[in-house]
Amino acid sequence: MSEIIINAILQAKPGKEEELRSELVKVIEPSREEKGCIQYTLHEDTDKAGTFVFYEKWKS
């Protein structure tokens, strides 16, 4: 089967950047432990405050 790659872009509401960051960080480890997870990485845009990107790679 082919690998599945997902890019998810999330934009925090003004004033909620820290709250969103905190919640997103919580899902990283459990997601990495899921069967089939190859990569699960959170990035934060340094040019656009409150913009987060998940890069996910799954076996199928």
# chains A, B, ... in the order shown; residues from 1 in each chain; ligands from 1
$ residues_around --residues "Ala49 of chain A" --least-positions-apart "5" --cutoff "10 Å" --atoms "only C-alpha atoms" --output "ChimeraX atom specification"
/A:11-12,14,17,44
$ residues_around --residues "Tyr55 of chain A" --least-positions-apart "6" --cutoff "8 Å" --atoms "only C-alpha atoms" --output "PyMOL selection string"
chain A and resi 5-8+39-43
$ atom_distance --atom1 "atom CA of Leu10 of chain A" --atom2 "atom CA of Lys59 of chain A"
23.4 Å
$ select_by_dssp --residues "chain A" --states "helix (DSSP H, G or I)" --output "PyMOL selection string"
chain A and resi 17-26+28-32
$ write_last_selection --atoms "N, CA, C and O atoms" --output "CSV table (one decimal), in the first residue's frame"
chain,number,residue,atom,x,y,z
A,17,GLU,N,-3.2,31.9,20.7
A,17,GLU,CA,-2.1,31.2,20.1
A,17,GLU,C,-1.5,30.2,21.1
A,17,GLU,O,-1.2,29.0,20.8
A,18,GLU,N,-1.3,30.6,22.3
A,18,GLU,CA,-0.6,29.7,23.4
A,18,GLU,C,-1.5,28.6,23.7
A,18,GLU,O,-1.1,27.4,23.9
A,19,GLU,N,-2.8,28.8,23.8
A,19,GLU,CA,-3.8,27.8,24.1
A,19,GLU,C,-3.8,26.7,23.0
A,19,GLU,O,-3.8,25.5,23.3
A,20,LEU,N,-3.8,27.1,21.8
A,20,LEU,CA,-3.8,26.2,20.7
A,20,LEU,C,-2.5,25.4,20.6
A,20,LEU,O,-2.5,24.2,20.5
A,21,ARG,N,-1.4,26.1,20.8
A,21,ARG,CA,-0.1,25.4,20.8
A,21,ARG,C,0.0,24.3,21.9
A,21,ARG,O,0.4,23.2,21.6
A,22,SER,N,-0.5,24.6,23.1
A,22,SER,CA,-0.5,23.7,24.2
A,22,SER,C,-1.4,22.5,23.8
A,22,SER,O,-1.0,21.3,24.1
A,23,GLU,N,-2.5,22.7,23.2
A,23,GLU,CA,-3.4,21.5,22.9
A,23,GLU,C,-2.8,20.7,21.8
A,23,GLU,O,-2.9,19.5,21.8
A,24,LEU,N,-2.1,21.3,20.8
A,24,LEU,CA,-1.5,20.6,19.7
A,24,LEU,C,-0.3,19.7,20.2
A,24,LEU,O,-0.2,18.6,19.7
A,25,VAL,N,0.4,20.3,21.1
A,25,VAL,CA,1.6,19.5,21.6
A,25,VAL,C,1.1,18.2,22.3
A,25,VAL,O,1.8,17.2,22.2
A,26,LYS,N,0.0,18.3,22.9
A,26,LYS,CA,-0.6,17.1,23.7
A,26,LYS,C,-0.8,15.9,22.8
A,26,LYS,O,-0.8,14.8,23.2
A,28,ILE,N,0.9,15.0,20.0
A,28,ILE,CA,2.0,14.6,19.3
A,28,ILE,C,2.4,13.1,19.7
A,28,ILE,O,2.5,12.2,18.8
A,29,GLU,N,2.7,12.9,20.9
A,29,GLU,CA,3.2,11.6,21.4
A,29,GLU,C,2.2,10.5,21.2
A,29,GLU,O,2.5,9.4,20.6
A,30,PRO,N,0.9,10.7,21.6
A,30,PRO,CA,-0.1,9.6,21.3
A,30,PRO,C,-0.2,9.3,19.8
A,30,PRO,O,-0.4,8.1,19.4
A,31,SER,N,-0.1,10.3,19.0
A,31,SER,CA,-0.2,10.1,17.5
A,31,SER,C,1.0,9.3,17.0
A,31,SER,O,0.9,8.4,16.2
A,32,ARG,N,2.2,9.6,17.5
A,32,ARG,CA,3.4,8.9,17.1
A,32,ARG,C,3.4,7.5,17.5
A,32,ARG,O,4.0,6.6,16.9
$ atom_distance --atom1 "atom CA of Ser2 of chain A" --atom2 "atom CA of Gly36 of chain A"
11.6 Å
$ atom_distance --atom1 "atom CA of Asp47 of chain A" --atom2 "atom CA of Val27 of chain A"
23.7 Å
$ closest_residue --among "A:Thr46, A:Trp58, A:Val53, A:Gly15" --to "Glu34 of chain A" --atoms "only C-alpha atoms"
A:Trp58
$ select_by_dssp --residues "chain A" --states "strand (DSSP E or B)" --output "list in words"
Ile4, Ile5, Ile6, Asn7, Ala8, Ile9, Leu10, Gln11, Cys37, Ile38, Gln39, Tyr40, Thr41, Leu42, His43, Glu44, Thr51, Phe52, Val53, Phe54, Tyr55, Glu56, Lys57 and Trp58 of chain A
